[in-house]
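Next comes target-v3.csv, with CSV, C-alpha atoms.
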```csv
chain,number,residue,atom,x,y,z
Y,1,MET,CA,83.1,136.4,134.8
Y,2,ILE,CA,86.6,136.6,133.2
Y,3,SER,CA,87.6,140.1,132.1
Y,4,ALA,CA,90.6,141.2,130.0
Y,5,VAL,CA,93.7,142.4,131.8
Y,6,GLY,CA,93.4,146.1,132.6
Y,7,GLU,CA,89.6,146.2,132.6
Y,8,THR,CA,88.0,147.6,135.8
Y,9,PRO,CA,84.4,147.6,137.0
Y,10,GLY,CA,82.4,150.3,135.2
Y,11,THR,CA,84.7,150.3,132.1
Y,12,PRO,CA,82.5,150.4,129.0
Y,13,ARG,CA,82.5,147.2,127.1
Y,14,ARG,CA,84.0,147.3,123.6
Y,15,LYS,CA,81.7,146.8,120.7
Y,16,ARG,CA,81.0,143.3,119.4
Y,17,GLY,CA,83.6,142.4,116.8
Y,18,SER,CA,85.7,145.5,117.4
Y,19,ILE,CA,89.0,143.7,117.5
Y,20,LYS,CA,90.4,143.2,114.0
Y,21,LEU,CA,94.0,142.1,114.9
Y,22,LEU,CA,95.3,139.8,117.7
Y,23,VAL,CA,99.1,140.1,118.4
Y,24,TRP,CA,100.7,137.1,120.0
Y,25,ASP,CA,103.8,136.6,122.2
Y,26,LEU,CA,105.6,133.4,121.5
Y,27,ASP,CA,107.4,131.8,124.6
Y,28,ASP,CA,104.8,130.3,127.0
Y,29,THR,CA,102.0,132.0,125.1
Y,30,LEU,CA,101.7,130.7,121.5
Y,31,TRP,CA,103.8,127.7,122.5
Y,32,HIS,CA,105.0,125.9,125.6
Y,33,GLY,CA,108.7,126.5,126.5
Y,34,THR,CA,111.4,129.1,125.9
Y,35,LEU,CA,113.0,128.8,122.5
Y,36,LEU,CA,116.4,130.3,123.3
Y,37,GLU,CA,116.8,128.0,126.3
Y,38,GLY,CA,116.8,125.1,124.0
Y,39,ASP,CA,113.3,123.9,124.8
Y,40,ASP,CA,111.6,121.7,122.2
Y,41,VAL,CA,108.7,124.1,121.9
Y,42,ARG,CA,105.2,122.9,121.0
Y,43,LEU,CA,101.9,124.8,120.5
Y,44,ARG,CA,99.8,125.3,123.6
Y,45,ASP,CA,96.6,123.3,123.7
Y,46,GLY,CA,93.8,125.1,121.9
Y,47,VAL,CA,96.1,127.4,119.9
Y,48,PRO,CA,95.5,125.8,116.5
Y,49,GLU,CA,91.7,126.0,117.0
Y,50,VAL,CA,91.9,129.7,118.1
Y,51,LEU,CA,94.2,130.6,115.2
Y,52,ALA,CA,91.9,128.9,112.6
Y,53,GLU,CA,88.6,130.1,114.0
Y,54,LEU,CA,89.7,133.8,114.4
Y,55,ASP,CA,91.1,133.6,110.9
Y,56,ARG,CA,87.7,132.4,109.7
Y,57,ARG,CA,86.0,135.3,111.4
Y,58,GLY,CA,88.4,137.8,109.7
Y,59,VAL,CA,90.5,138.6,112.7
Y,60,LEU,CA,94.1,139.0,111.7
Y,61,HIS,CA,97.1,137.6,113.6
Y,62,SER,CA,100.6,138.9,114.2
Y,63,ILE,CA,103.5,138.4,116.6
Y,64,ALA,CA,105.4,140.7,119.0
Y,65,SER,CA,108.1,138.6,120.6
Y,66,ARG,CA,111.6,139.2,122.1
Y,67,ASN,CA,113.3,136.4,120.4
Y,68,ASP,CA,115.8,135.4,117.7
Y,69,PRO,CA,114.0,136.0,114.5
Y,70,VAL,CA,115.7,133.2,112.5
Y,71,ALA,CA,115.1,130.6,115.2
Y,72,ALA,CA,111.5,131.8,115.9
Y,73,THR,CA,110.6,131.8,112.2
Y,74,ALA,CA,112.0,128.3,111.8
Y,75,ALA,CA,109.9,127.1,114.8
Y,76,LEU,CA,106.7,128.7,113.4
Y,77,GLU,CA,107.3,126.9,110.1
Y,78,ARG,CA,108.0,123.6,111.8
Y,79,LEU,CA,104.8,123.9,113.8
Y,80,GLY,CA,102.8,124.7,110.6
Y,81,VAL,CA,101.4,128.1,111.7
Y,82,ALA,CA,103.8,130.6,110.1
Y,83,ASP,CA,101.3,131.5,107.3
Y,84,TYR,CA,98.8,132.9,109.8
Y,85,PHE,CA,101.0,135.8,110.9
Y,86,LEU,CA,101.2,139.2,109.1
Y,87,TYR,CA,104.1,141.5,109.7
Y,88,PRO,CA,105.6,139.6,112.7
Y,89,GLN,CA,107.9,141.7,114.9
Y,90,ILE,CA,110.5,139.4,116.4
Y,91,HIS,CA,113.4,141.3,117.9
Y,92,TRP,CA,114.6,142.6,121.3
Y,93,GLY,CA,112.8,145.9,121.3
Y,94,ALA,CA,109.7,146.9,123.4
Y,95,LYS,CA,106.5,145.1,122.6
Y,96,SER,CA,104.6,148.4,122.5
Y,97,GLU,CA,106.8,149.5,119.7
Y,98,SER,CA,106.2,146.2,117.9
Y,99,LEU,CA,102.4,146.7,118.2
Y,100,ARG,CA,102.7,150.3,116.8
Y,101,ALA,CA,104.7,149.0,113.8
Y,102,ILE,CA,102.2,146.1,113.1
Y,103,ALA,CA,99.2,148.4,113.4
Y,104,GLU,CA,100.8,150.8,110.9
Y,105,ALA,CA,101.7,148.1,108.5
Y,106,VAL,CA,98.1,146.7,108.6
Y,107,ASN,CA,96.7,150.2,108.6
Y,108,LEU,CA,94.5,149.7,111.7
Y,109,GLY,CA,94.0,151.9,114.7
Y,110,LEU,CA,95.4,150.6,117.9
Y,111,ASP,CA,91.8,150.5,119.4
Y,112,ALA,CA,91.2,147.6,117.0
Y,113,VAL,CA,94.2,145.6,118.3
Y,114,ALA,CA,94.5,143.1,121.1
Y,115,PHE,CA,97.6,141.6,122.6
Y,116,ILE,CA,98.2,138.3,124.4
Y,117,ASP,CA,101.2,137.5,126.6
Y,118,ASP,CA,102.1,135.2,129.5
Y,119,GLN,CA,103.7,138.1,131.5
Y,120,GLU,CA,101.6,140.7,133.3
Y,121,PHE,CA,104.6,143.1,133.0
Y,122,GLU,CA,104.5,143.0,129.2
Y,123,CYS,CA,100.7,143.6,129.1
Y,124,GLU,CA,101.2,146.6,131.5
Y,125,GLU,CA,103.9,148.0,129.3
Y,126,VAL,CA,101.7,147.8,126.2
Y,127,ARG,CA,98.7,149.4,128.0
Y,128,HIS,CA,100.8,152.2,129.4
Y,129,VAL,CA,102.0,153.2,125.9
Y,130,HIS,CA,98.9,152.3,124.0
Y,131,PRO,CA,95.8,152.6,126.3
Y,132,GLY,CA,93.5,151.6,123.5
Y,133,VAL,CA,95.0,148.1,123.1
Y,134,LEU,CA,93.0,145.3,124.7
Y,135,THR,CA,95.3,142.9,126.5
Y,136,PHE,CA,94.9,139.2,127.6
Y,137,LEU,CA,97.0,136.9,129.7
Y,138,ALA,CA,97.9,133.6,128.1
Y,139,SER,CA,96.0,131.9,130.9
Y,140,GLU,CA,92.8,133.3,129.3
Y,141,LEU,CA,93.4,131.5,126.0
Y,142,ASP,CA,90.5,129.1,126.5
Y,143,ASN,CA,88.1,132.0,126.7
Y,144,LEU,CA,89.2,134.0,123.7
Y,145,LEU,CA,86.7,132.5,121.2
Y,146,GLY,CA,83.9,133.5,123.4
Y,147,ARG,CA,84.9,137.2,123.7
Y,148,PRO,CA,82.3,139.4,122.0
Y,149,GLU,CA,85.1,141.8,120.9
Y,150,LEU,CA,86.5,138.9,118.8
Y,151,THR,CA,83.1,137.7,117.6
Y,152,PRO,CA,81.7,139.7,114.6
Y,153,ARG,CA,77.9,139.6,114.1
Y,154,PHE,CA,78.4,138.2,110.6
Y,155,ILE,CA,81.2,136.1,108.9
Y,156,THR,CA,81.3,137.2,105.3
Y,157,ASP,CA,83.3,136.0,102.3
Y,158,GLU,CA,85.6,138.9,102.9
Y,159,SER,CA,86.1,137.8,106.5
Y,160,ARG,CA,87.2,134.4,105.5
Y,161,LEU,CA,89.5,135.8,102.8
Y,162,ARG,CA,90.9,138.7,104.8
Y,163,ARG,CA,94.3,137.3,105.6
Y,164,ARG,CA,94.8,136.2,102.0
Y,165,MET,CA,93.8,139.7,100.8
Y,166,TYR,CA,96.5,141.2,103.0
Y,167,GLN,CA,99.0,138.7,101.8
Y,168,ALA,CA,98.1,139.6,98.2
Y,169,GLU,CA,98.6,143.2,99.1
Y,170,LEU,CA,102.0,142.5,100.4
Y,171,GLU,CA,102.9,140.8,97.1
Y,172,ARG,CA,101.6,143.8,95.2
Y,173,LYS,CA,103.8,146.1,97.3
Y,174,GLN,CA,106.8,144.0,96.7
Y,175,VAL,CA,106.2,144.1,92.9
Y,176,GLU,CA,105.7,147.8,93.1
Y,177,LEU,CA,109.0,148.3,94.8
Y,178,GLN,CA,110.7,146.5,92.0
Y,179,HIS,CA,108.9,148.5,89.3
Y,180,ASP,CA,111.1,150.9,87.5
Y,181,GLY,CA,108.9,153.5,85.6
Y,182,PRO,CA,105.9,155.8,86.0
Y,183,GLN,CA,103.4,155.0,88.7
Y,184,GLU,CA,100.6,154.9,86.1
Y,185,ASP,CA,102.4,152.1,84.2
Y,186,PHE,CA,102.5,150.0,87.4
Y,187,LEU,CA,98.8,150.6,88.1
Y,188,ALA,CA,98.0,149.6,84.5
Y,189,SER,CA,100.0,146.4,84.9
Y,190,LEU,CA,97.7,145.4,87.8
Y,191,ASP,CA,94.7,145.0,85.4
Y,192,MET,CA,92.3,146.4,87.9
Y,193,ARG,CA,88.5,145.7,87.4
Y,194,PHE,CA,86.2,147.9,89.5
Y,195,THR,CA,82.5,147.0,89.6
Y,196,ILE,CA,79.6,149.1,90.9
Y,197,ALA,CA,76.2,147.5,91.4
Y,198,PRO,CA,73.0,148.1,93.4
Y,199,ALA,CA,73.2,146.3,96.8
Y,200,ALA,CA,71.6,142.9,96.7
Y,201,GLU,CA,70.3,141.1,99.8
Y,202,MET,CA,73.4,138.9,99.7
Y,203,ASP,CA,75.6,142.0,100.0
Y,204,LEU,CA,74.0,143.3,103.2
Y,205,GLN,CA,76.1,141.4,105.7
Y,206,ARG,CA,79.3,142.8,104.1
Y,207,ALA,CA,77.7,146.2,103.8
Y,208,GLU,CA,77.0,146.3,107.6
Y,209,GLU,CA,80.6,145.1,108.2
Y,210,LEU,CA,82.0,147.9,106.0
Y,211,THR,CA,80.1,150.6,108.0
Y,212,VAL,CA,81.5,149.1,111.3
Y,213,ARG,CA,85.1,148.5,110.1
Y,214,THR,CA,85.7,151.5,107.9
Y,215,ASN,CA,86.8,154.6,110.0
Y,216,GLN,CA,89.4,156.6,108.0
Y,217,LEU,CA,87.5,156.7,104.7
Y,218,ASN,CA,83.9,157.0,106.0
Y,219,ALA,CA,82.5,160.5,105.2
Y,220,THR,CA,80.0,160.6,108.0
Y,221,GLY,CA,81.1,157.9,110.4
Y,222,TYR,CA,77.6,156.5,110.3
Y,223,THR,CA,77.2,152.8,111.0
Y,224,TYR,CA,74.1,150.9,109.8
Y,225,SER,CA,72.7,147.6,110.7
Y,226,TYR,CA,71.7,144.8,108.3
Y,227,GLU,CA,68.1,145.6,108.9
Y,228,GLU,CA,68.5,149.4,108.2
Y,229,LEU,CA,70.5,148.7,105.1
Y,230,ASP,CA,67.8,146.3,103.9
Y,231,ARG,CA,65.2,149.0,104.3
Y,232,PHE,CA,67.3,151.4,102.2
Y,233,ARG,CA,67.9,148.7,99.6
Y,234,CYS,CA,64.1,148.3,99.1
Y,235,SER,CA,63.2,152.0,99.4
Y,236,PRO,CA,62.3,154.0,96.3
Y,237,ASP,CA,63.7,157.1,98.0
Y,238,HIS,CA,67.2,155.7,98.4
Y,239,VAL,CA,70.0,154.3,96.2
Y,240,LEU,CA,72.4,151.8,97.9
Y,241,LEU,CA,75.5,150.9,95.9
Y,242,VAL,CA,78.2,148.4,96.5
Y,243,ALA,CA,81.6,148.5,94.9
Y,244,SER,CA,84.1,145.7,94.5
Y,245,LEU,CA,87.6,145.4,93.0
Y,246,GLU,CA,89.9,142.7,91.7
Y,247,ASP,CA,93.2,142.6,89.9
Y,248,ARG,CA,95.8,140.1,88.6
Y,249,PHE,CA,96.8,139.3,92.2
Y,250,GLY,CA,93.3,138.4,93.3
Y,251,THR,CA,90.1,140.0,94.7
Y,252,TYR,CA,89.9,142.9,97.2
Y,253,GLY,CA,86.3,141.9,97.8
Y,254,LYS,CA,83.5,144.4,98.3
Y,255,ILE,CA,85.4,147.6,99.3
Y,256,GLY,CA,83.0,150.5,98.9
Y,257,LEU,CA,79.5,151.6,99.8
Y,258,ALA,CA,77.4,154.6,98.9
Y,259,LEU,CA,73.9,155.6,100.2
Y,260,VAL,CA,72.0,158.3,98.4
Y,261,GLU,CA,68.7,159.8,99.7
Y,262,LYS,CA,66.4,161.2,97.0
Y,263,ALA,CA,63.9,164.1,97.7
Y,264,ALA,CA,61.3,165.0,95.0
Y,265,GLY,CA,61.7,168.3,93.3
Y,266,GLY,CA,59.0,170.6,92.0
Y,267,ALA,CA,58.2,172.9,89.0
Y,268,GLU,CA,60.9,175.4,90.1
Y,269,ARG,CA,63.5,173.1,91.5
Y,270,PRO,CA,65.2,169.8,90.6
Y,271,GLU,CA,65.1,166.6,92.5
Y,272,THR,CA,67.7,166.7,95.3
Y,273,TRP,CA,70.0,163.8,96.0
Y,274,THR,CA,71.9,163.7,99.3
Y,275,LEU,CA,74.9,161.5,99.7
Y,276,LYS,CA,74.3,160.2,103.2
Y,277,LEU,CA,77.2,157.7,103.3
Y,278,LEU,CA,80.3,157.3,101.2
Y,279,LEU,CA,83.0,154.9,102.4
Y,280,MET,CA,85.9,153.1,100.8
Y,281,SER,CA,88.3,150.5,102.2
Y,282,CYS,CA,91.8,152.0,102.9
Y,283,ARG,CA,93.3,149.1,100.9
Y,284,VAL,CA,92.2,150.6,97.6
Y,285,MET,CA,93.2,154.3,98.0
Y,286,SER,CA,96.8,153.8,97.0
Y,287,ARG,CA,95.7,152.0,93.9
Y,288,GLY,CA,94.1,155.1,92.4
Y,289,ALA,CA,90.6,153.6,92.5
Y,290,GLY,CA,89.3,155.2,95.6
Y,291,SER,CA,87.3,158.0,93.9
Y,292,LEU,CA,85.5,155.8,91.3
Y,293,LEU,CA,82.4,155.3,93.3
Y,294,LEU,CA,82.1,159.0,94.0
Y,295,THR,CA,82.6,159.7,90.3
Y,296,HIS,CA,79.8,157.3,89.4
Y,297,VAL,CA,77.4,159.0,91.8
Y,298,LEU,CA,78.2,162.4,90.3
Y,299,GLU,CA,77.6,161.1,86.8
Y,300,ARG,CA,74.4,159.4,87.8
Y,301,ALA,CA,73.1,162.6,89.4
Y,302,ARG,CA,74.0,164.7,86.4
Y,303,ALA,CA,72.2,162.2,84.1
Y,304,ALA,CA,69.1,162.5,86.3
Y,305,ARG,CA,69.4,166.3,86.3
Y,306,ALA,CA,69.3,166.2,90.1
Y,307,ARG,CA,70.9,168.6,92.6
Y,308,LEU,CA,73.7,166.7,94.5
Y,309,LEU,CA,74.5,167.3,98.1
Y,310,ALA,CA,76.8,165.4,100.4
Y,311,GLU,CA,77.0,165.2,104.1
Y,312,PHE,CA,80.4,165.2,105.9
Y,313,ARG,CA,80.6,164.6,109.7
Y,314,PRO,CA,84.2,165.0,111.0
Y,315,THR,CA,85.5,162.2,113.2
Y,316,ASP,CA,89.0,161.8,114.7
Y,317,ARG,CA,90.1,159.7,111.8
Y,318,ASN,CA,88.2,160.7,108.6
Y,319,ARG,CA,89.9,163.9,107.4
Y,320,ALA,CA,91.0,162.1,104.2
Y,321,MET,CA,87.3,162.1,103.1
Y,322,LEU,CA,87.1,165.8,103.6
Y,323,VAL,CA,90.0,166.2,101.3
Y,324,THR,CA,88.4,163.8,98.8
Y,325,TYR,CA,85.2,165.8,98.6
Y,326,LYS,CA,87.0,169.1,98.2
Y,327,PHE,CA,89.4,167.6,95.6
Y,328,ALA,CA,86.4,166.3,93.7
Y,329,GLY,CA,84.9,169.8,93.4
Y,330,PHE,CA,82.4,169.9,96.2
Y,331,ARG,CA,81.6,173.3,97.7
Y,332,GLU,CA,80.5,174.0,101.2
Y,333,VAL,CA,76.9,175.3,101.4
Y,334,GLU,CA,76.1,174.9,105.1
Y,335,ARG,CA,78.0,174.2,108.4
Y,336,THR,CA,76.8,173.3,111.9
Y,337,ALA,CA,78.8,172.2,114.9
Y,338,GLU,CA,78.3,168.6,113.9
Y,339,ALA,CA,78.4,168.5,110.2
Y,340,ILE,CA,79.2,170.2,106.9
Y,341,LEU,CA,76.9,170.1,103.9
Y,342,PHE,CA,78.5,170.2,100.4
Y,343,GLU,CA,77.1,170.6,97.0
Y,344,HIS,CA,78.7,169.6,93.6
Y,345,PRO,CA,77.9,171.6,90.5
Y,346,LEU,CA,78.2,168.4,88.4
Y,347,ASP,CA,80.4,170.1,85.9
Y,348,PRO,CA,83.2,169.3,85.5
Y,349,ILE,CA,83.4,165.7,86.8
Y,350,ALA,CA,86.9,164.1,86.9
Y,351,PRO,CA,87.3,161.3,84.3
Y,352,ILE,CA,87.7,157.6,85.1
Y,353,PRO,CA,91.5,156.8,85.4
Y,354,PRO,CA,92.6,155.0,82.2
Y,355,PHE,CA,94.3,152.2,84.2
Y,356,VAL,CA,91.0,150.9,85.8
Y,357,HIS,CA,88.3,149.0,83.9
Y,358,LEU,CA,85.0,150.1,85.3
Y,359,SER,CA,81.8,148.0,85.1
Y,360,VAL,CA,78.5,149.3,86.2
Y,361,ARG,CA,75.6,146.9,86.8
Y,362,GLU,CA,72.0,148.0,86.9
```
As structure tokens, how would this structure be written, given the file I've shared?
Amino acid sequence: MISAVGETPGTPRRKRGSIKLLVWDLDDTLWHGTLLEGDDVRLRDGVPEVLAELDRRGVLHSIASRNDPVAATAALERLGVADYFLYPQIHWGAKSESLRAIAEAVNLGLDAVAFIDDQEFECEEVRHVHPGVLTFLASELDNLLGRPELTPRFITDESRLRRRMYQAELERKQVELQHDGPQEDFLASLDMRFTIAPAAEMDLQRAEELTVRTNQLNATGYTYSYEELDRFRCSPDHVLLVASLEDRFGTYGKIGLALVEKAAGGAERPETWTLKLLLMSCRVMSRGAGSLLLTHVLERARAARARLLAEFRPTDRNRAMLVTYKFAGFREVERTAEAILFEHPLDPIAPIPPFVHLSVRE
């Protein structure tokens, strides 16, 4: 059995589909030859297939290479693969620093990053600085597509479009940098359209993917399987909502998920709704649309005259959701070693931002 560089017997296997970004070295890894020695470089056998298939699965690609950036970029263009790579780092610095910069630019944790290089020394340097990064030697290229860490359970529409979505986001940021005026004017210029709807069967693959992939903006850190989500979708005691967003640059896809559990009330007390899961893709938070799904749940609970609770389970990465709940007006009513239970008085509820068009489907 072939194992990744640095794995030892007894090391827990990473979860299926846990790698979201593969970072490539260039010389004698992506291509045969050394560019600055004047070699007429050509792609290694199998590289086009690996790039295309991982891109289809929603695994992003980038580059960490000690090379001349102008010459390397020209070679990537000539070979027809430049468009695959997001935020390439081509310079003479350490590759561990390149991986850090790429992960920050893509807004991923380093435990979701893998690195491939022809030199064991470079892999060791990366592992030393970033123990969470999975490393491969270029000689393992033929086995990459079979690695479970690079094989998600489902391939969704968002998977196939993920690179294009990141490229559209880069274009948005470039336009934002050139914008001279209030931030709200820029956001209004995006013509954002936010849609909330009950989850349909066709949404469940993406819904499972969201619970697995979303770490920073997941209020409980819960992950749910397709089958579990389908039971919630069909249950009269649960509400499962999916949110999507698009603007003039294109679609963000389905970027939010909320799960509400309903408990019957009585003569003396109202029905109780508990927000068991609230998550939102990091890609929408800077666009001022991250709180819309929560606002909708608040308004829906108020209309139903229900008591609204929300669970929060702290993880090492989701503090932003704690801030979101407190900023929205939730108050702590119970705390254990594992979780915090919040309640919202349902008055006041923050209004929908004027620069977003909200559509709610029943």
If we count all atoms listed in the file and set the cut-off at 8 Å, which residues sit around region 338-347 of chain Y, ignoring sequence neighbours fewer than 5 positions away in its own chain? Please answer as a count of residues only. 17
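The list of residues with at least one atom within 8 Å of Ala64 (chain Y), based on all atoms listed in the file and without residues fewer than 6 positions apart in the same chain, reads Val23, Trp24, Asp25, Leu26, Pro88, Gln89, Ile90, Lys95, Ser98 and Leu99 of chain Y.
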Please provide the set of residues having any atom within 12 Å of Arg127 (chain Y), restricted to only C-alpha atoms, with same-chain residues fewer than 6 positions apart removed, written as number ranges by chain. Y: 4-7, 95-97, 99-100, 110-111, 113-116, 120-121, 133-136
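Distances here use all atoms listed in the file; by that measure, the residue among Y:Asp45, Y:Asp142, Y:Asp157, Y:Glu104 closest to Glu209 (chain Y) is Y:Asp157.
Considering the residues Y:Pro353, Y:Gly33, Y:Pro69, Y:Gly58 and counting only C-alpha atoms, Ala188 (chain Y) has its shortest atom-to-atom contact with Y:Pro353.
You can rank Y:Tyr325, Y:Lys20, Y:Leu240, Y:Phe194 by their closest distance to Ala103 (chain Y) using only C-alpha atoms, and at the top of that list sits Y:Lys20.
Take CA of Ile155 (chain Y) and CA of Leu51 (chain Y): the distance between them is 15.5 Å.
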Correct to one decimal, the distance CA of Arg78 (chain Y)-CA of His91 (chain Y) is 19.5 Å
What separation in Å, quoted to one decimal, exists between CA of His61 (chain Y) and CA of Tyr87 (chain Y)? 8.9 Å
